[in-house]
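Shown next: query.csv, given as CSV, C-alpha atoms (C1' of nucleotides).
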```csv
chain,number,residue,atom,x,y,z
A,1,MET,CA,53.3,19.4,-64.4
A,2,LYS,CA,51.7,21.9,-62.1
A,3,ILE,CA,53.9,24.0,-59.8
A,4,ALA,CA,52.4,26.3,-57.2
A,5,SER,CA,53.4,28.9,-54.7
A,6,TRP,CA,51.5,29.9,-51.6
A,7,ASN,CA,52.3,32.3,-48.7
A,8,VAL,CA,50.3,30.6,-46.0
A,9,ASN,CA,50.9,33.0,-43.1
A,10,SER,CA,51.5,30.3,-40.5
A,11,VAL,CA,51.4,26.8,-41.8
A,12,ARG,CA,50.1,25.5,-38.4
A,13,LYS,CA,47.1,27.8,-38.6
A,14,ARG,CA,46.6,26.9,-42.3
A,15,THR,CA,47.1,23.1,-42.2
A,16,ALA,CA,43.5,22.3,-42.9
A,17,ASN,CA,43.2,24.8,-45.7
A,18,LEU,CA,46.5,23.7,-47.2
A,19,LEU,CA,45.5,20.0,-47.2
A,20,ALA,CA,42.1,20.7,-48.7
A,21,TRP,CA,43.6,22.9,-51.5
A,22,LEU,CA,46.4,20.3,-52.3
A,23,GLU,CA,43.7,17.6,-52.6
A,24,ARG,CA,41.5,19.8,-54.8
A,25,THR,CA,44.1,21.2,-57.1
A,26,THR,CA,46.6,18.4,-57.3
A,27,PRO,CA,49.8,20.2,-57.9
A,28,ASP,CA,53.1,18.3,-58.4
A,29,ILE,CA,55.5,20.7,-56.6
A,30,VAL,CA,54.6,23.5,-54.1
A,31,VAL,CA,56.7,26.2,-52.5
A,32,LEU,CA,55.3,27.7,-49.3
A,33,GLN,CA,56.3,30.9,-47.5
A,34,GLU,CA,55.7,32.4,-44.1
A,35,LEU,CA,55.6,29.1,-42.3
A,36,LYS,CA,56.1,31.0,-39.0
A,37,CYS,CA,57.5,28.0,-37.3
A,38,GLN,CA,60.6,25.9,-36.7
A,39,ALA,CA,61.1,22.8,-38.8
A,40,GLU,CA,60.2,20.5,-35.9
A,41,GLN,CA,56.8,22.3,-35.6
A,42,PHE,CA,55.9,21.8,-39.3
A,43,PRO,CA,52.9,19.5,-39.8
A,44,ARG,CA,55.1,16.9,-41.4
A,45,LEU,CA,53.0,13.9,-40.5
A,46,GLU,CA,49.8,15.3,-42.0
A,47,LEU,CA,51.6,16.2,-45.2
A,48,GLU,CA,53.6,13.0,-45.5
A,49,SER,CA,50.4,11.0,-44.9
A,50,ALA,CA,48.9,12.9,-47.8
A,51,GLY,CA,51.8,11.8,-50.0
A,52,TRP,CA,54.1,14.8,-50.0
A,53,HIS,CA,57.8,14.9,-49.7
A,54,CYS,CA,58.7,17.9,-47.5
A,55,GLU,CA,61.8,20.0,-47.4
A,56,VAL,CA,61.4,22.6,-44.6
A,57,VAL,CA,63.5,25.6,-43.9
A,58,GLY,CA,62.0,26.9,-40.6
A,59,GLN,CA,62.6,29.8,-38.2
A,60,LYS,CA,61.1,30.6,-34.9
A,61,ALA,CA,58.0,32.9,-35.2
A,62,PHE,CA,58.8,34.6,-38.6
A,63,ASN,CA,59.6,33.7,-42.2
A,64,GLY,CA,60.2,30.1,-43.0
A,65,VAL,CA,59.8,28.3,-46.4
A,66,ALA,CA,59.2,24.8,-47.6
A,67,MET,CA,59.2,22.8,-50.8
A,68,LEU,CA,56.6,20.0,-51.2
A,69,SER,CA,56.7,17.5,-54.0
A,70,ARG,CA,54.8,14.4,-55.1
A,71,ARG,CA,58.1,12.7,-55.9
A,72,PRO,CA,61.4,13.3,-54.1
A,73,PRO,CA,63.8,15.8,-55.7
A,74,LEU,CA,67.1,14.6,-57.2
A,75,GLU,CA,68.7,17.0,-54.8
A,76,ILE,CA,68.0,19.9,-52.5
A,77,THR,CA,70.4,22.5,-54.0
A,78,ALA,CA,70.1,25.3,-51.5
A,79,ARG,CA,68.5,26.1,-48.1
A,80,ALA,CA,69.6,29.7,-48.1
A,81,LEU,CA,70.3,32.3,-50.8
A,82,PRO,CA,74.1,32.6,-51.1
A,83,GLY,CA,75.9,36.0,-50.9
A,84,ASP,CA,75.4,37.2,-47.4
A,85,PRO,CA,76.7,35.0,-44.6
A,86,ALA,CA,75.2,37.4,-42.0
A,87,ASP,CA,71.6,36.7,-43.3
A,88,GLU,CA,70.0,34.4,-40.9
A,89,GLN,CA,66.4,34.7,-42.1
A,90,SER,CA,64.8,31.6,-43.6
A,91,ARG,CA,63.6,32.8,-47.0
A,92,TYR,CA,65.0,30.5,-49.7
A,93,VAL,CA,64.8,26.9,-50.7
A,94,GLU,CA,65.8,25.3,-54.0
A,95,ALA,CA,65.7,21.8,-55.5
A,96,LEU,CA,66.4,20.0,-58.7
A,97,PHE,CA,63.8,17.6,-60.2
A,98,ASP,CA,63.9,15.0,-63.0
A,99,THR,CA,61.3,15.4,-65.6
A,100,THR,CA,60.5,14.1,-69.1
A,101,ALA,CA,61.6,17.5,-70.4
A,102,GLY,CA,64.9,17.4,-68.6
A,103,ASN,CA,66.1,18.9,-65.3
A,104,LEU,CA,63.8,21.3,-63.6
A,105,ARG,CA,65.2,23.6,-61.0
A,106,VAL,CA,62.6,25.1,-58.6
A,107,GLY,CA,63.2,28.0,-56.3
A,108,GLY,CA,61.0,29.0,-53.4
A,109,ILE,CA,61.4,32.6,-52.4
A,110,TYR,CA,60.1,34.7,-49.6
A,111,LEU,CA,61.6,38.1,-50.5
A,112,PRO,CA,61.9,40.7,-47.7
A,113,ASN,CA,59.0,43.1,-47.5
A,114,GLY,CA,61.3,46.1,-47.1
A,115,ASN,CA,59.1,48.4,-45.1
A,116,PRO,CA,59.6,50.9,-43.6
A,117,VAL,CA,61.7,52.3,-46.4
A,118,ALA,CA,63.7,54.6,-44.2
A,119,THR,CA,65.1,51.7,-42.2
A,120,GLU,CA,67.7,49.0,-42.8
A,121,LYS,CA,64.9,46.8,-44.0
A,122,PHE,CA,64.8,48.4,-47.4
A,123,PRO,CA,68.5,48.0,-48.3
A,124,TYR,CA,68.2,44.4,-47.0
A,125,LYS,CA,65.4,43.8,-49.5
A,126,LEU,CA,67.4,45.3,-52.4
A,127,GLY,CA,70.5,43.3,-51.4
A,128,PHE,CA,68.4,40.1,-51.3
A,129,MET,CA,67.2,41.0,-54.8
A,130,ARG,CA,70.8,41.5,-56.1
A,131,ARG,CA,71.8,38.1,-54.6
A,132,LEU,CA,68.8,36.5,-56.2
A,133,ARG,CA,69.8,38.0,-59.6
A,134,GLU,CA,73.3,36.6,-59.2
A,135,ARG,CA,71.9,33.2,-58.4
A,136,MET,CA,69.5,33.2,-61.3
A,137,ALA,CA,72.1,34.5,-63.7
A,138,GLY,CA,74.4,31.6,-62.9
A,139,PHE,CA,71.8,29.1,-63.8
A,140,LEU,CA,70.8,30.7,-67.0
A,141,ILE,CA,74.1,29.8,-68.5
A,142,GLY,CA,72.9,26.1,-68.5
A,143,ASP,CA,69.8,24.8,-70.0
A,144,ASP,CA,67.9,23.4,-67.1
A,145,MET,CA,64.3,24.6,-66.9
A,146,LEU,CA,64.1,27.2,-64.1
A,147,ALA,CA,61.0,28.1,-62.2
A,148,PHE,CA,61.4,30.5,-59.3
A,149,GLY,CA,58.2,31.2,-57.4
A,150,GLY,CA,57.2,32.8,-54.3
A,151,ASP,CA,56.2,36.0,-52.4
A,152,TYR,CA,58.4,38.5,-54.1
A,153,ASN,CA,56.9,41.5,-52.2
A,154,VAL,CA,57.1,43.6,-55.4
A,155,CYS,CA,54.2,44.9,-57.5
A,156,PRO,CA,55.9,45.0,-60.9
A,157,THR,CA,53.8,47.8,-62.4
A,158,ASP,CA,50.8,50.0,-61.5
A,159,MET,CA,48.6,47.4,-63.1
A,160,ASP,CA,49.4,45.2,-60.1
A,161,VAL,CA,48.1,47.6,-57.4
A,162,TYR,CA,44.5,48.6,-56.7
A,163,ALA,CA,45.6,52.2,-55.8
A,164,PRO,CA,48.9,53.0,-57.4
A,165,ALA,CA,49.2,56.6,-56.1
A,166,ALA,CA,48.6,55.6,-52.5
A,167,TRP,CA,51.2,52.9,-52.7
A,168,ALA,CA,53.9,54.7,-54.7
A,169,ASP,CA,56.2,55.2,-51.7
A,170,ASP,CA,55.7,51.7,-50.3
A,171,ALA,CA,58.6,49.3,-50.5
A,172,LEU,CA,56.5,47.0,-52.6
A,173,CYS,CA,56.1,49.7,-55.3
A,174,ARG,CA,59.1,51.9,-55.0
A,175,PRO,CA,61.1,52.5,-58.2
A,176,GLU,CA,64.2,50.8,-56.7
A,177,SER,CA,62.1,47.6,-56.0
A,178,ARG,CA,60.6,47.7,-59.5
A,179,ASP,CA,64.0,48.3,-61.1
A,180,ALA,CA,65.4,45.3,-59.3
A,181,PHE,CA,62.4,43.1,-60.3
A,182,ARG,CA,62.8,44.3,-63.9
A,183,SER,CA,66.5,43.5,-63.8
A,184,LEU,CA,65.5,39.9,-63.0
A,185,LEU,CA,63.2,39.9,-66.1
A,186,ASN,CA,66.0,41.4,-68.1
A,187,LEU,CA,68.1,38.3,-67.5
A,188,GLY,CA,65.6,36.6,-69.9
A,189,LEU,CA,63.1,35.4,-67.3
A,190,THR,CA,59.3,35.5,-68.0
A,191,ASP,CA,56.7,36.7,-65.5
A,192,ALA,CA,54.4,33.7,-66.2
A,193,PHE,CA,51.2,35.3,-65.1
A,194,ARG,CA,51.6,38.5,-67.0
A,195,ALA,CA,52.8,36.7,-70.1
A,196,LEU,CA,49.5,34.8,-70.3
A,197,HIS,CA,47.2,37.5,-68.8
A,198,PRO,CA,48.6,40.7,-70.3
A,199,THR,CA,45.7,43.1,-69.4
A,200,GLY,CA,44.1,41.8,-66.2
A,201,HIS,CA,44.1,43.6,-62.8
A,202,ASP,CA,44.5,40.4,-60.9
A,203,TYR,CA,45.9,40.2,-57.4
A,204,SER,CA,47.4,37.6,-55.1
A,205,PHE,CA,47.2,39.4,-51.8
A,206,TRP,CA,44.5,41.3,-49.9
A,207,ASP,CA,45.3,42.8,-46.5
A,208,TYR,CA,43.3,41.6,-43.6
A,209,GLN,CA,42.6,45.2,-42.7
A,210,ALA,CA,40.0,47.7,-43.8
A,211,GLY,CA,37.8,45.3,-45.7
A,212,ALA,CA,40.5,45.0,-48.4
A,213,TRP,CA,39.1,41.7,-49.7
A,214,SER,CA,35.5,42.8,-50.0
A,215,LYS,CA,36.6,45.9,-51.8
A,216,ASP,CA,39.1,44.0,-54.0
A,217,HIS,CA,41.8,46.2,-52.7
A,218,GLY,CA,44.6,43.8,-53.7
A,219,LEU,CA,48.2,43.6,-54.8
A,220,ARG,CA,49.9,41.2,-57.2
A,221,ILE,CA,53.1,40.3,-55.3
A,222,ASP,CA,53.4,36.5,-55.7
A,223,HIS,CA,55.0,35.5,-58.9
A,224,TRP,CA,56.5,32.7,-61.0
A,225,LEU,CA,59.6,33.7,-63.1
A,226,LEU,CA,60.6,31.2,-65.8
A,227,SER,CA,63.7,30.6,-67.8
A,228,PRO,CA,63.3,30.5,-71.6
A,229,GLN,CA,63.4,26.6,-71.5
A,230,ALA,CA,60.5,26.6,-69.0
A,231,ALA,CA,58.6,29.5,-70.6
A,232,ASP,CA,58.6,27.5,-73.9
A,233,ARG,CA,56.7,24.8,-72.0
A,234,LEU,CA,54.3,27.2,-70.2
A,235,ARG,CA,50.7,26.0,-70.8
A,236,ALA,CA,48.8,27.9,-68.2
A,237,CYS,CA,49.2,30.1,-65.2
A,238,GLY,CA,46.5,31.0,-62.6
A,239,ILE,CA,45.7,32.6,-59.3
A,240,ASP,CA,43.4,30.6,-56.9
A,241,LYS,CA,41.5,33.7,-55.8
A,242,SER,CA,38.7,31.7,-54.2
A,243,GLU,CA,41.1,30.7,-51.3
A,244,ARG,CA,40.9,34.2,-50.0
A,245,GLY,CA,37.1,33.9,-49.4
A,246,LYS,CA,37.3,30.7,-47.4
A,247,PRO,CA,37.2,30.5,-43.6
A,248,GLU,CA,40.4,31.5,-41.8
A,249,PRO,CA,42.2,32.4,-45.0
A,250,SER,CA,45.8,33.4,-45.5
A,251,ASP,CA,46.1,37.0,-46.8
A,252,HIS,CA,47.8,35.5,-49.9
A,253,VAL,CA,46.3,33.0,-52.4
A,254,PRO,CA,48.1,30.3,-54.4
A,255,VAL,CA,49.7,31.1,-57.8
A,256,TRP,CA,50.5,28.3,-60.1
A,257,VAL,CA,52.0,27.4,-63.5
A,258,GLU,CA,51.4,24.4,-65.7
A,259,LEU,CA,54.4,23.2,-67.7
A,260,ASP,CA,54.4,20.7,-70.5
A,261,ALA,CA,56.5,18.2,-68.6
A,262,ALA,CA,55.9,15.1,-66.4
A,263,TRP,CA,57.6,13.2,-63.7
A,264,LYS,CA,60.3,10.9,-65.1
A,265,ASP,CA,60.0,7.4,-63.8
B,1,DA,C1',28.4,52.7,-38.8
B,2,DT,C1',34.0,58.4,-38.0
B,3,DG,C1',36.1,51.9,-37.2
B,4,DG,C1',37.4,48.1,-39.8
B,5,DT,C1',43.3,42.4,-39.0
B,6,DC,C1',45.9,38.6,-38.2
B,7,DG,C1',49.7,35.4,-36.2
B,8,DG,C1',53.2,34.6,-33.0
B,9,DT,C1',55.3,36.0,-29.0
B,10,DC,C1',55.7,38.0,-24.7
B,11,DC,C1',53.9,42.9,-22.6
B,12,DC,C1',54.5,44.4,-28.9
B,13,DC,C1',56.4,43.3,-33.7
B,14,DG,C1',56.0,42.2,-38.5
B,15,DA,C1',53.1,42.2,-42.5
```
Would you give me this structure, written as structure tokens?
Amino acid sequence: MKIASWNVNSVRKRTANLLAWLERTTPDIVVLQELKCQAEQFPRLELESAGWHCEVVGQKAFNGVAMLSRRPPLEITARALPGDPADEQSRYVEALFDTTAGNLRVGGIYLPNGNPVATEKFPYKLGFMRRLRERMAGFLIGDDMLAFGGDYNVCPTDMDVYAPAAWADDALCRPESRDAFRSLLNLGLTDAFRALHPTGHDYSFWDYQAGAWSKDHGLRIDHWLLSPQAADRLRACGIDKSERGKPEPSDHVPVWVELDAAWKD
DNA sequence: ATGGTCGGTCCCCGA
């Protein structure tokens, strides 16, 4: 079973790229971030015609997440991250799936960017990360497979940044952000890409500005975190870097995991 | 080559 995440930076602008990538790479479950549209503006007909079940958590102009799946989920278990009733941003979707290896709980996350650090945006990011930790910790008591993927907006270590010194004070690299990310790992979760690629400087995002793509000035900020039960079944993890070189690309590329599990009939 | 980006919205903001 292949599970992928992609920050598409406007799903309406990226519909053709998304459909072509889905057809080429044949994932089973996909979480999308930065839809930048309301649910009724989502290209539902195009995706449903291509065989995808779509759960859309939209928002006007900004944010927005979705969960696509080849088969319907047993249940959509969340359309917002609990813990802050005042949070109106569409950044979280979660569903439970039935597989040959047992229940699989998939989370789709668009974690706040947090810049500028001196504004309320940074504590909002850190608060979101605390809420995410609470959510994950609750599920780790059980033995469902957990796979939480998305745009975490955190470079976990200097290996994940093309120019660590220049980015040291950015919300994506600040010690507080890295500490919070590490506290997720310390629950017992596995950073799937780093587990299988321990030494590579691989990135999932290249800014549109300043020729970042051509100079390989990238960041690794899109991640899959797996519970022990899912990590035991981790067969492969990859970053579809070639998407960044295609016409009208998103500034992020897909990141995927392959688990030793299949759809249950 | 002394600049170099997008996308969505509304006259700029967020990334």
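Residues from chain B found within 7 Å of chain A are DG4, DT5, DC6, DG7 and DG8 of chain B, counting all atoms listed in the file.
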(message) Give me, as number ranges by chain, all polymer residues having an atom no more than 9 Å from Ala261 in chain A, counting all atoms listed in the file and skipping those fewer than 4 positions away in the same chain.
(response) A: 1-2, 99-102, 233
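Here CA of Ala163 in chain A and CA of Ile221 in chain A stand 14.1 Å from one another.
We find CA of Arg14 in chain A and CA of Asp191 in chain A to be spaced 27.1 Å apart.
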(request) Mind checking which residues fall within 6 Å of Val253 in chain A, counting all atoms listed in the file, ignoring those fewer than 4 positions away in the same chain, and posting them as a ChimeraX atom specification? (result) /A:204,240-241,243
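Minimum atom-to-atom distance to Ala78 in chain A, evaluated using all atoms listed in the file, belongs to A:Tyr92 out of A:Tyr92, A:Phe139, A:Tyr110, A:Tyr152.
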(message) Rounded to one decimal, what separation in Å do you get between CA of Ala195 in chain A and CA of Asp169 in chain A?
(response) 26.3 Å
(request) Please identify all polymer residues within 6 Å of Met145 in chain A, counting only C-alpha atoms (C1' of nucleotides), omitting same-chain residues fewer than 4 positions from it, and present them as JSON, numbers by chain. (result) {"A": [104, 229, 230]}
(request) Could you give me, as a list in words, the residues within 12 Å of Gly138 in chain A, counting all atoms listed in the file and dropping anything in the same chain fewer than 6 positions from it? (result) Pro82, Arg131, Leu132, Asp144, Leu146, Leu187 and Ser227 of chain A
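Comparing the minimum interatomic distances between Val31 in chain A and each of A:Met129, A:Leu96, A:Ala86, A:Val106, counting all atoms listed in the file, we find that A:Val106 sits nearest.
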(message) Here is a test: counting only C-alpha atoms, which residue of A:Ile29, A:Ala166, A:Ala39, A:Leu111 is nearest to Pro73 in chain A?
(response) A:Ile29
File output, range 24-66 of chain A (N, CA and C atoms) as a tab-separated table (two decimals), in the first residue's frame:
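Below is the file decode_17.tsv, written as the result:
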```tsv
chain	number	residue	atom	x	y	z
A	24	ARG	N	0.39	8.17	-12.94
A	24	ARG	CA	1.74	7.64	-13.16
A	24	ARG	C	2.24	6.84	-11.97
A	25	THR	N	1.91	7.30	-10.72
A	25	THR	CA	2.55	6.71	-9.55
A	25	THR	C	1.63	5.79	-8.76
A	26	THR	N	0.35	5.77	-9.09
A	26	THR	CA	-0.65	4.85	-8.53
A	26	THR	C	-0.59	4.67	-7.00
A	27	PRO	N	-0.69	5.77	-6.27
A	27	PRO	CA	-0.80	5.61	-4.81
A	27	PRO	C	-2.19	5.07	-4.44
A	28	ASP	N	-2.32	4.60	-3.18
A	28	ASP	CA	-3.61	4.13	-2.66
A	28	ASP	C	-4.35	5.20	-1.86
A	29	ILE	N	-3.56	5.98	-1.11
A	29	ILE	CA	-4.12	7.05	-0.28
A	29	ILE	C	-3.21	8.27	-0.46
A	30	VAL	N	-3.82	9.45	-0.57
A	30	VAL	CA	-3.05	10.68	-0.77
A	30	VAL	C	-3.61	11.77	0.14
A	31	VAL	N	-2.73	12.44	0.87
A	31	VAL	CA	-3.15	13.64	1.59
A	31	VAL	C	-2.58	14.86	0.86
A	32	LEU	N	-3.43	15.86	0.68
A	32	LEU	CA	-3.07	17.09	-0.03
A	32	LEU	C	-3.12	18.26	0.94
A	33	GLN	N	-2.22	19.23	0.71
A	33	GLN	CA	-2.24	20.46	1.51
A	33	GLN	C	-2.22	21.68	0.59
A	34	GLU	N	-2.60	22.79	1.19
A	34	GLU	CA	-2.69	24.09	0.50
A	34	GLU	C	-3.60	24.01	-0.73
A	35	LEU	N	-4.81	23.55	-0.49
A	35	LEU	CA	-5.80	23.53	-1.58
A	35	LEU	C	-6.10	24.94	-2.07
A	36	LYS	N	-6.08	25.90	-1.15
A	36	LYS	CA	-6.39	27.30	-1.46
A	36	LYS	C	-7.76	27.46	-2.11
A	37	CYS	N	-8.72	26.67	-1.64
A	37	CYS	CA	-10.09	26.85	-2.14
A	37	CYS	C	-11.08	26.26	-1.14
A	38	GLN	N	-12.33	26.65	-1.34
A	38	GLN	CA	-13.40	26.08	-0.54
A	38	GLN	C	-13.77	24.71	-1.09
A	39	ALA	N	-14.45	23.93	-0.26
A	39	ALA	CA	-14.76	22.55	-0.66
A	39	ALA	C	-15.54	22.50	-1.97
A	40	GLU	N	-16.46	23.46	-2.17
A	40	GLU	CA	-17.28	23.42	-3.39
A	40	GLU	C	-16.48	23.81	-4.63
A	41	GLN	N	-15.28	24.38	-4.45
A	41	GLN	CA	-14.43	24.73	-5.60
A	41	GLN	C	-13.42	23.62	-5.92
A	42	PHE	N	-13.38	22.60	-5.11
A	42	PHE	CA	-12.43	21.49	-5.30
A	42	PHE	C	-12.79	20.73	-6.59
A	43	PRO	N	-11.81	20.30	-7.38
A	43	PRO	CA	-12.09	19.59	-8.64
A	43	PRO	C	-12.56	18.16	-8.40
A	44	ARG	N	-13.70	18.06	-7.74
A	44	ARG	CA	-14.21	16.77	-7.31
A	44	ARG	C	-14.58	15.87	-8.49
A	45	LEU	N	-15.22	16.45	-9.49
A	45	LEU	CA	-15.66	15.63	-10.63
A	45	LEU	C	-14.48	14.98	-11.33
A	46	GLU	N	-13.41	15.76	-11.55
A	46	GLU	CA	-12.23	15.23	-12.24
A	46	GLU	C	-11.61	14.07	-11.44
A	47	LEU	N	-11.53	14.26	-10.13
A	47	LEU	CA	-10.89	13.23	-9.30
A	47	LEU	C	-11.78	12.01	-9.13
A	48	GLU	N	-13.08	12.24	-8.94
A	48	GLU	CA	-13.98	11.10	-8.79
A	48	GLU	C	-14.06	10.30	-10.10
A	49	SER	N	-14.00	11.00	-11.22
A	49	SER	CA	-13.99	10.30	-12.51
A	49	SER	C	-12.75	9.43	-12.67
A	50	ALA	N	-11.66	9.86	-12.02
A	50	ALA	CA	-10.42	9.09	-12.08
A	50	ALA	C	-10.39	7.99	-11.01
A	51	GLY	N	-11.49	7.86	-10.24
A	51	GLY	CA	-11.60	6.74	-9.31
A	51	GLY	C	-11.22	7.04	-7.87
A	52	TRP	N	-11.21	8.33	-7.50
A	52	TRP	CA	-10.78	8.70	-6.15
A	52	TRP	C	-11.95	9.09	-5.26
A	53	HIS	N	-11.96	8.56	-4.06
A	53	HIS	CA	-12.82	9.07	-3.01
A	53	HIS	C	-12.15	10.31	-2.44
A	54	CYS	N	-12.92	11.36	-2.23
A	54	CYS	CA	-12.34	12.65	-1.82
A	54	CYS	C	-12.99	13.15	-0.54
A	55	GLU	N	-12.18	13.40	0.47
A	55	GLU	CA	-12.64	14.11	1.66
A	55	GLU	C	-11.93	15.46	1.67
A	56	VAL	N	-12.70	16.53	1.60
A	56	VAL	CA	-12.13	17.87	1.41
A	56	VAL	C	-12.45	18.75	2.60
A	57	VAL	N	-11.42	19.34	3.18
A	57	VAL	CA	-11.57	20.33	4.24
A	57	VAL	C	-11.04	21.64	3.67
A	58	GLY	N	-11.94	22.44	3.14
A	58	GLY	CA	-11.53	23.62	2.39
A	58	GLY	C	-11.57	24.89	3.23
A	59	GLN	N	-11.08	25.96	2.62
A	59	GLN	CA	-11.09	27.28	3.24
A	59	GLN	C	-10.86	28.28	2.12
A	60	LYS	N	-11.52	29.41	2.21
A	60	LYS	CA	-11.37	30.42	1.17
A	60	LYS	C	-9.94	30.95	1.12
A	61	ALA	N	-9.33	30.89	-0.03
A	61	ALA	CA	-8.04	31.53	-0.35
A	61	ALA	C	-6.80	30.84	0.23
A	62	PHE	N	-6.87	30.37	1.48
A	62	PHE	CA	-5.65	29.85	2.12
A	62	PHE	C	-5.88	28.44	2.67
A	63	ASN	N	-4.78	27.80	2.97
A	63	ASN	CA	-4.82	26.50	3.67
A	63	ASN	C	-5.67	25.49	2.89
A	64	GLY	N	-6.34	24.60	3.60
A	64	GLY	CA	-7.17	23.59	2.95
A	64	GLY	C	-6.41	22.30	2.77
A	65	VAL	N	-7.06	21.19	3.20
A	65	VAL	CA	-6.44	19.86	3.09
A	65	VAL	C	-7.48	18.87	2.54
A	66	ALA	N	-6.98	17.77	2.01
A	66	ALA	CA	-7.88	16.75	1.49
A	66	ALA	C	-7.25	15.38	1.67
```
